[in-house]
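Here's the structure, in structure tokens; my notes come after.
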Amino acid sequence: MKKIFMLLTAALLSGSAGFCQGVGSLFNKINNEVRNQFAPDERDKTYEVSLVEQKGKLVLVGSTTEKEAIEALVKQLSDAGVMAENRIDLLPSAKLKGKTYGVVCMSTASFNCGGSFSAESGTQALMGMPVRILEENDDDWYRCVNMEGYTAWVITRSVKAMTKEEYEAYLAKPKVFVKAKYSTIYSEKNTNSLPVSDLVWGCIMLDEGKAGAWRKVSVADGRTGYVPAADVIDLNTWISNAEPTEKNIVETAKQFCGFPYVWGGTSVKGVDCSGLSKTSYFLNGYVLRRDASQQVRTGDSVDVHRFTEGDYTKEALGNLRPGDLVFFGRKAEAGRKERITHVAIYMGDGMIIHSSNIVRINSLIPGEKDYYAGSKRLIKARRIIGTADQGKGVISVKNAGLTE
């Protein structure tokens with residue numbers, strides 16, 4: 001093993017491309033195996049590691065949330081005769097100096113799949129939503145874990161970073177919840193004053209007290225102003241009253257009818273398909289996973305096999321209840337895994353509401369008015385109502401960390 005390392009070092013110093021390529025291939029193989037074992041889904045866990053040469057030495061660089069993955073990688077490389085210095089950053093990064101807690105301070109903060117504005121949109125988080133900060137890159141982006149457990153990058157200006165003590169102090173303060181679809185924080189108690197921030201349905205701010213027809217509020221980043229009192233409700237009151245009933249889920253989703261499809265959207269500014277289901281449930285007290293391919297693994301299964309096997313009738317959908325989520329895509333076949341590509345909320349009587357180009361209501365039944373052309377791609381259904389806090393991937397807002 002020592003001889004292999006000495007040869008490798010010599011090759012690096014002399015620029016022996018063929019030998020280096022061989023080591024690179026070996027590293028890529030082992031690295032991919034470790035990633036697949038410990039962090040197969042980048043939305044849930046972070047693992048970005050590479051092998052580089054620095055001053056004649058092999059060095060492991062990058063970051064991961066998985067300590068066991070680092071240990072496995074180092075051991076497997078060592079067993080293969082590749083000795084490398086470990087400089088992998090175990091997240092949350094020590095470089096954050098304890099500021100690993102955060103609160104979103106924009107009405108809708110965009111979270112991307114990479115740490116730049118040009119990266120693909122991943123999701124959104126509303127003002128007042130908690131995050132765990134994992135690391136910061138050189139371009140002022142935080143890699144964070146959102147309330148629903150989704151890992152993505154957000155520009156640092158959109159999040160107020162805090163220590164654990166600062167975050168706990170923040171949680172203990174009274175807050176208000178925006179119940180209007182749209183509102184505004186004004187610098188003074190009149191609508192002609194300079195806006196401090198826009199607001200959307202679901203935003204949360206610190207409550208600084210009533211002021212007649214206005215409510216004085218402050219954002220986590222310290223900005224203060226006034227919002228119409230009729231547009232907000234005490235956060236604890238909202239949490240206590242939130243009811244994810246069949247009727248409430250459907251009626252909330254209908255409030256988005258005609259709204260645009262926005263990739264990564266989870267607010268009244270625009271939603272994608274899973275954003276509509278996630279937001280409709282959140283506004284009624286449940287926190288769902290972000291993507292359709294994640295939501296399909298939550299809640300309880302509902303039997304729709306008659307429909308998926310070709311009986312395209314309302315009777316074949318008889319096991320479904322309003323509020324259930326129905327998933328579309330490609331069934332698993334020999335040599336191909338199941339692929340979930342779309343989700344909709346079942347309304348009853350064969351009807352669904354979903355975001356597909358636009359938020360709209362369609363029928364799953366061929367020949368009926370407003371028939372959804374993708375109906376025959378329905379492959380699964382899940383019941384979310386009644387499954388919160390049972391280890392089924394659904395969390396009630398009471399346990400989502402919005403308050404102390």
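Chain labels A, B, ... are given in the sequence in which chains occur in the structure tokens; within each chain residues are numbered consecutively from 1, and ligands are likewise numbered from 1 in the order shown.
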
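Contact shell of segment 262-274 of chain A at 6 Å (only C-alpha atoms; same-chain neighbours under 2 positions omitted): Ser121, Gly122, Thr123, Gln124, Pro260, Leu276, Ser277, Lys278, Thr279, Asp291, Ala292, Val343, His354 and Ser355 of chain A.
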
Shell of 7 Å around Glu85 of chain A, only C-alpha atoms, local chain residues under 6 positions omitted, as an NGL selection string: :A and (58-60)

query = Which neighbours of segment 219-228 of chain A fall inside 6 Å, counting only C-alpha atoms, when residues of the same chain fewer than 3 positions from it are skipped, and could you give them as a PyMOL selection string?
reply = chain A and resi 105+160+185-187+189+205+214-216+231

- Going by DSSP on the backbone, which bits of segment 269-302 of chain A are helix (DSSP H, G or I)? Write them as a ChimeraX atom specification, please. /A:273-282,292-295

Those same residues - all heavy atoms - I'd like them written as a JSON list (two decimals), in the first residue's frame.
[["chain", "number", "residue", "atom", "x", "y", "z"],
["A", 273, "CYS", "N", -46.99, 21.69, -9.39],
["A", 273, "CYS", "CA", -48.01, 20.72, -8.98],
["A", 273, "CYS", "C", -47.89, 20.34, -7.51],
["A", 273, "CYS", "O", -48.86, 20.37, -6.75],
["A", 273, "CYS", "CB", -47.98, 19.49, -9.88],
["A", 273, "CYS", "SG", -46.46, 18.51, -9.81],
["A", 274, "SER", "N", -46.68, 19.98, -7.08],
["A", 274, "SER", "CA", -46.50, 19.60, -5.68],
["A", 274, "SER", "C", -46.53, 20.82, -4.77],
["A", 274, "SER", "O", -46.84, 20.71, -3.59],
["A", 274, "SER", "CB", -45.18, 18.84, -5.50],
["A", 274, "SER", "OG", -44.09, 19.59, -5.99],
["A", 275, "GLY", "N", -46.22, 22.00, -5.33],
["A", 275, "GLY", "CA", -46.33, 23.23, -4.56],
["A", 275, "GLY", "C", -47.77, 23.53, -4.20],
["A", 275, "GLY", "O", -48.06, 24.03, -3.10],
["A", 276, "LEU", "N", -48.71, 23.20, -5.09],
["A", 276, "LEU", "CA", -50.13, 23.40, -4.79],
["A", 276, "LEU", "C", -50.58, 22.49, -3.67],
["A", 276, "LEU", "O", -51.24, 22.94, -2.72],
["A", 276, "LEU", "CB", -50.98, 23.14, -6.04],
["A", 276, "LEU", "CG", -52.49, 23.24, -5.82],
["A", 276, "LEU", "CD1", -52.91, 24.66, -5.44],
["A", 276, "LEU", "CD2", -53.26, 22.76, -7.05],
["A", 277, "SER", "N", -50.21, 21.21, -3.73],
["A", 277, "SER", "CA", -50.62, 20.29, -2.66],
["A", 277, "SER", "C", -49.95, 20.65, -1.35],
["A", 277, "SER", "O", -50.60, 20.67, -0.30],
["A", 277, "SER", "CB", -50.31, 18.84, -3.06],
["A", 277, "SER", "OG", -48.96, 18.68, -3.44],
["A", 278, "LYS", "N", -48.66, 20.96, -1.39],
["A", 278, "LYS", "CA", -47.94, 21.33, -0.19],
["A", 278, "LYS", "C", -48.54, 22.58, 0.45],
["A", 278, "LYS", "O", -48.76, 22.63, 1.68],
["A", 278, "LYS", "CB", -46.47, 21.57, -0.52],
["A", 278, "LYS", "CG", -45.63, 22.11, 0.63],
["A", 278, "LYS", "CD", -44.23, 22.45, 0.17],
["A", 278, "LYS", "CE", -43.40, 23.04, 1.29],
["A", 278, "LYS", "NZ", -43.98, 24.26, 1.89],
["A", 279, "THR", "N", -48.80, 23.61, -0.35],
["A", 279, "THR", "CA", -49.30, 24.88, 0.18],
["A", 279, "THR", "C", -50.73, 24.75, 0.67],
["A", 279, "THR", "O", -51.10, 25.33, 1.70],
["A", 279, "THR", "CB", -49.19, 25.98, -0.88],
["A", 279, "THR", "OG1", -47.82, 26.09, -1.30],
["A", 279, "THR", "CG2", -49.64, 27.32, -0.34],
["A", 280, "SER", "N", -51.57, 24.00, -0.05],
["A", 280, "SER", "CA", -52.96, 23.80, 0.38],
["A", 280, "SER", "C", -53.01, 23.12, 1.74],
["A", 280, "SER", "O", -53.85, 23.45, 2.59],
["A", 280, "SER", "CB", -53.72, 22.98, -0.66],
["A", 280, "SER", "OG", -53.79, 23.65, -1.89],
["A", 281, "TYR", "N", -52.10, 22.19, 1.97],
["A", 281, "TYR", "CA", -52.06, 21.51, 3.26],
["A", 281, "TYR", "C", -51.43, 22.39, 4.33],
["A", 281, "TYR", "O", -51.91, 22.42, 5.48],
["A", 281, "TYR", "CB", -51.33, 20.17, 3.14],
["A", 281, "TYR", "CG", -52.26, 19.03, 2.86],
["A", 281, "TYR", "CD1", -52.54, 18.63, 1.55],
["A", 281, "TYR", "CD2", -52.92, 18.37, 3.89],
["A", 281, "TYR", "CE1", -53.42, 17.60, 1.28],
["A", 281, "TYR", "CE2", -53.81, 17.34, 3.63],
["A", 281, "TYR", "CZ", -54.05, 16.96, 2.33],
["A", 281, "TYR", "OH", -54.95, 15.95, 2.07],
["A", 282, "PHE", "N", -50.36, 23.12, 3.98],
["A", 282, "PHE", "CA", -49.73, 23.97, 4.98],
["A", 282, "PHE", "C", -50.71, 25.01, 5.52],
["A", 282, "PHE", "O", -50.78, 25.26, 6.73],
["A", 282, "PHE", "CB", -48.51, 24.69, 4.40],
["A", 282, "PHE", "CG", -47.97, 25.76, 5.32],
["A", 282, "PHE", "CD1", -47.35, 25.42, 6.52],
["A", 282, "PHE", "CD2", -48.13, 27.10, 5.02],
["A", 282, "PHE", "CE1", -46.88, 26.41, 7.39],
["A", 282, "PHE", "CE2", -47.66, 28.08, 5.87],
["A", 282, "PHE", "CZ", -47.04, 27.74, 7.06],
["A", 292, "ALA", "N", -43.38, 15.89, -5.65],
["A", 292, "ALA", "CA", -44.34, 14.80, -5.85],
["A", 292, "ALA", "C", -43.70, 13.44, -5.58],
["A", 292, "ALA", "O", -44.33, 12.56, -4.99],
["A", 292, "ALA", "CB", -44.89, 14.86, -7.27],
["A", 293, "SER", "N", -42.44, 13.27, -6.01],
["A", 293, "SER", "CA", -41.76, 11.99, -5.79],
["A", 293, "SER", "C", -41.47, 11.74, -4.33],
["A", 293, "SER", "O", -41.19, 10.59, -3.93],
["A", 293, "SER", "CB", -40.45, 11.95, -6.59],
["A", 293, "SER", "OG", -39.58, 13.01, -6.20],
["A", 294, "GLN", "N", -41.53, 12.78, -3.49],
["A", 294, "GLN", "CA", -41.39, 12.61, -2.05],
["A", 294, "GLN", "C", -42.77, 12.44, -1.40],
["A", 294, "GLN", "O", -42.94, 11.60, -0.51],
["A", 294, "GLN", "CB", -40.69, 13.83, -1.45],
["A", 294, "GLN", "CG", -39.26, 14.03, -1.92],
["A", 294, "GLN", "CD", -38.66, 15.33, -1.43],
["A", 294, "GLN", "OE1", -39.24, 16.40, -1.59],
["A", 294, "GLN", "NE2", -37.50, 15.25, -0.81],
["A", 295, "GLN", "N", -43.74, 13.22, -1.83],
["A", 295, "GLN", "CA", -45.09, 13.15, -1.27],
["A", 295, "GLN", "C", -45.72, 11.77, -1.48],
["A", 295, "GLN", "O", -46.51, 11.31, -0.65],
["A", 295, "GLN", "CB", -45.97, 14.23, -1.89],
["A", 295, "GLN", "CG", -45.56, 15.64, -1.51],
["A", 295, "GLN", "CD", -46.35, 16.71, -2.24],
["A", 295, "GLN", "OE1", -47.27, 16.41, -3.01],
["A", 295, "GLN", "NE2", -46.00, 17.98, -2.02]]

**Test item: residues at most 10 Å from Gly348 of chain A, only C-alpha atoms, excluding those fewer than 2 positions along its chain, as JSON, numbers by chain** = {"A": [246, 250, 314, 317, 318, 320, 321, 322, 323, 324, 345, 346, 350, 351, 352, 363]}

Prev. selection, all heavy atoms, output as a compact mmCIF listing (two decimals), in the first residue's frame:
# COMPACT_ATOMS: atom_id res chain seq x y z
N GLU A 246 -61.28 17.48 4.71
CA GLU A 246 -61.48 17.28 3.28
C GLU A 246 -61.97 18.58 2.63
O GLU A 246 -61.44 19.01 1.60
CB GLU A 246 -62.50 16.17 3.04
CG GLU A 246 -62.04 14.80 3.51
CD GLU A 246 -63.09 13.73 3.33
OE1 GLU A 246 -64.18 14.05 2.77
OE2 GLU A 246 -62.85 12.57 3.71
N VAL A 250 -59.70 21.14 -0.10
CA VAL A 250 -60.22 21.41 -1.45
C VAL A 250 -60.54 22.88 -1.63
O VAL A 250 -60.19 23.49 -2.65
CB VAL A 250 -61.45 20.54 -1.73
CG1 VAL A 250 -62.12 20.96 -3.04
CG2 VAL A 250 -61.08 19.06 -1.79
N LYS A 314 -65.75 6.41 -12.48
CA LYS A 314 -65.82 6.99 -11.13
C LYS A 314 -65.85 5.89 -10.08
O LYS A 314 -65.29 6.04 -8.99
CB LYS A 314 -67.05 7.87 -11.00
CG LYS A 314 -67.02 9.13 -11.87
CD LYS A 314 -68.29 9.95 -11.70
CE LYS A 314 -68.28 11.17 -12.62
NZ LYS A 314 -69.53 11.96 -12.51
N LEU A 317 -62.66 4.72 -8.75
CA LEU A 317 -62.02 5.67 -7.85
C LEU A 317 -62.75 5.75 -6.51
O LEU A 317 -62.53 6.66 -5.73
CB LEU A 317 -61.98 7.07 -8.50
CG LEU A 317 -61.21 7.18 -9.82
CD1 LEU A 317 -61.45 8.54 -10.45
CD2 LEU A 317 -59.72 6.96 -9.58
N GLY A 318 -63.59 4.77 -6.25
CA GLY A 318 -64.46 4.80 -5.08
C GLY A 318 -63.76 4.83 -3.74
O GLY A 318 -64.36 5.24 -2.74
N LEU A 320 -61.22 6.68 -3.02
CA LEU A 320 -60.66 8.01 -2.79
C LEU A 320 -61.61 8.91 -2.03
O LEU A 320 -62.84 8.79 -2.15
CB LEU A 320 -60.30 8.67 -4.13
CG LEU A 320 -59.12 8.08 -4.89
CD1 LEU A 320 -59.01 8.73 -6.27
CD2 LEU A 320 -57.83 8.25 -4.11
N ARG A 321 -61.03 9.83 -1.27
CA ARG A 321 -61.78 10.86 -0.55
C ARG A 321 -61.23 12.23 -0.97
O ARG A 321 -60.07 12.36 -1.35
CB ARG A 321 -61.62 10.69 0.96
CG ARG A 321 -62.16 9.39 1.53
CD ARG A 321 -63.66 9.31 1.44
NE ARG A 321 -64.31 10.47 2.03
CZ ARG A 321 -65.59 10.78 1.86
NH1 ARG A 321 -66.36 10.04 1.08
NH2 ARG A 321 -66.10 11.84 2.45
N PRO A 322 -62.07 13.28 -0.91
CA PRO A 322 -61.56 14.62 -1.20
C PRO A 322 -60.35 14.94 -0.31
O PRO A 322 -60.32 14.63 0.87
CB PRO A 322 -62.75 15.52 -0.87
CG PRO A 322 -63.95 14.65 -1.09
CD PRO A 322 -63.52 13.28 -0.65
N GLY A 323 -59.34 15.55 -0.92
CA GLY A 323 -58.12 15.86 -0.19
C GLY A 323 -57.02 14.84 -0.40
O GLY A 323 -55.85 15.13 -0.13
N ASP A 324 -57.36 13.64 -0.87
CA ASP A 324 -56.34 12.65 -1.18
C ASP A 324 -55.46 13.16 -2.31
O ASP A 324 -55.92 13.91 -3.19
CB ASP A 324 -56.97 11.32 -1.59
CG ASP A 324 -57.62 10.58 -0.43
OD1 ASP A 324 -57.33 10.94 0.73
OD2 ASP A 324 -58.40 9.65 -0.69
N ILE A 345 -54.74 17.08 -6.37
CA ILE A 345 -55.60 16.90 -5.20
C ILE A 345 -56.95 16.41 -5.69
O ILE A 345 -57.58 17.03 -6.56
CB ILE A 345 -55.76 18.22 -4.43
CG1 ILE A 345 -54.40 18.72 -3.93
CG2 ILE A 345 -56.72 18.04 -3.25
CD1 ILE A 345 -54.45 20.11 -3.31
N TYR A 346 -57.40 15.28 -5.14
CA TYR A 346 -58.70 14.74 -5.53
C TYR A 346 -59.81 15.55 -4.87
O TYR A 346 -59.74 15.89 -3.68
CB TYR A 346 -58.81 13.27 -5.12
CG TYR A 346 -60.02 12.57 -5.70
CD1 TYR A 346 -60.12 12.35 -7.06
CD2 TYR A 346 -61.06 12.14 -4.88
CE1 TYR A 346 -61.22 11.71 -7.61
CE2 TYR A 346 -62.16 11.50 -5.41
CZ TYR A 346 -62.24 11.29 -6.77
OH TYR A 346 -63.35 10.66 -7.31
N GLY A 350 -64.68 12.05 -9.28
CA GLY A 350 -63.80 11.93 -10.43
C GLY A 350 -63.05 13.18 -10.81
O GLY A 350 -62.37 13.20 -11.84
N MET A 351 -63.14 14.23 -9.99
CA MET A 351 -62.53 15.51 -10.32
C MET A 351 -61.24 15.74 -9.52
O MET A 351 -61.11 15.30 -8.38
CB MET A 351 -63.50 16.66 -10.04
CG MET A 351 -64.85 16.52 -10.73
SD MET A 351 -64.73 16.54 -12.53
CE MET A 351 -64.26 18.25 -12.81
N ILE A 352 -60.30 16.46 -10.15
CA ILE A 352 -59.06 16.83 -9.49
C ILE A 352 -58.80 18.32 -9.68
O ILE A 352 -59.34 18.94 -10.60
CB ILE A 352 -57.84 16.05 -10.06
CG1 ILE A 352 -57.69 16.31 -11.57
CG2 ILE A 352 -57.94 14.57 -9.74
CD1 ILE A 352 -56.40 15.79 -12.17
N SER A 363 -61.43 16.59 -14.97
CA SER A 363 -62.02 15.29 -14.70
C SER A 363 -61.02 14.19 -15.08
O SER A 363 -60.28 14.32 -16.05
CB SER A 363 -63.31 15.09 -15.51
OG SER A 363 -63.78 13.76 -15.37

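Counting only C-alpha atoms, Leu90 of chain A has the following residues at most 8 Å away, ignoring those fewer than 2 positions along the same chain: Ser63, Thr64, Thr65, Glu66, Lys67, Ile88, Pro92 and Ser93 of chain A.
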
Would you list, as a PyMOL selection string, the residues of segment 126-375 of chain A that end up in strand (DSSP E or B) under DSSP run on this structure's backbone? chain A and resi 126+130-136+141-145+151-155+159-162+175-178+182-186+195-200+204-211+214-218+224-228+232-234+260-261+266-267+270-271+286-287+300-301+325-330+333+336+339-348+351-356+358-363+371

>> Taking 3 positions as the minimum chain separation for residues in the same chain, which residues sit within 10 Å of segment 44-52 of chain A when counting only C-alpha atoms? Answer as number ranges by chain.
In response: A: 23-24, 27-28, 31-32, 34-36, 38-41, 55-66, 69-70, 73, 84-91, 134, 143, 145, 148-152

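Shell of Ala169 of chain A at 12 Å, with only C-alpha atoms counted and residues fewer than 2 places along the chain excluded, is Tyr101, Met162, Thr163, Lys164, Glu165, Glu166, Tyr167, Leu171, Ala172, Lys173, Pro174, Leu206, Ala220, Thr403 and Glu404 of chain A.
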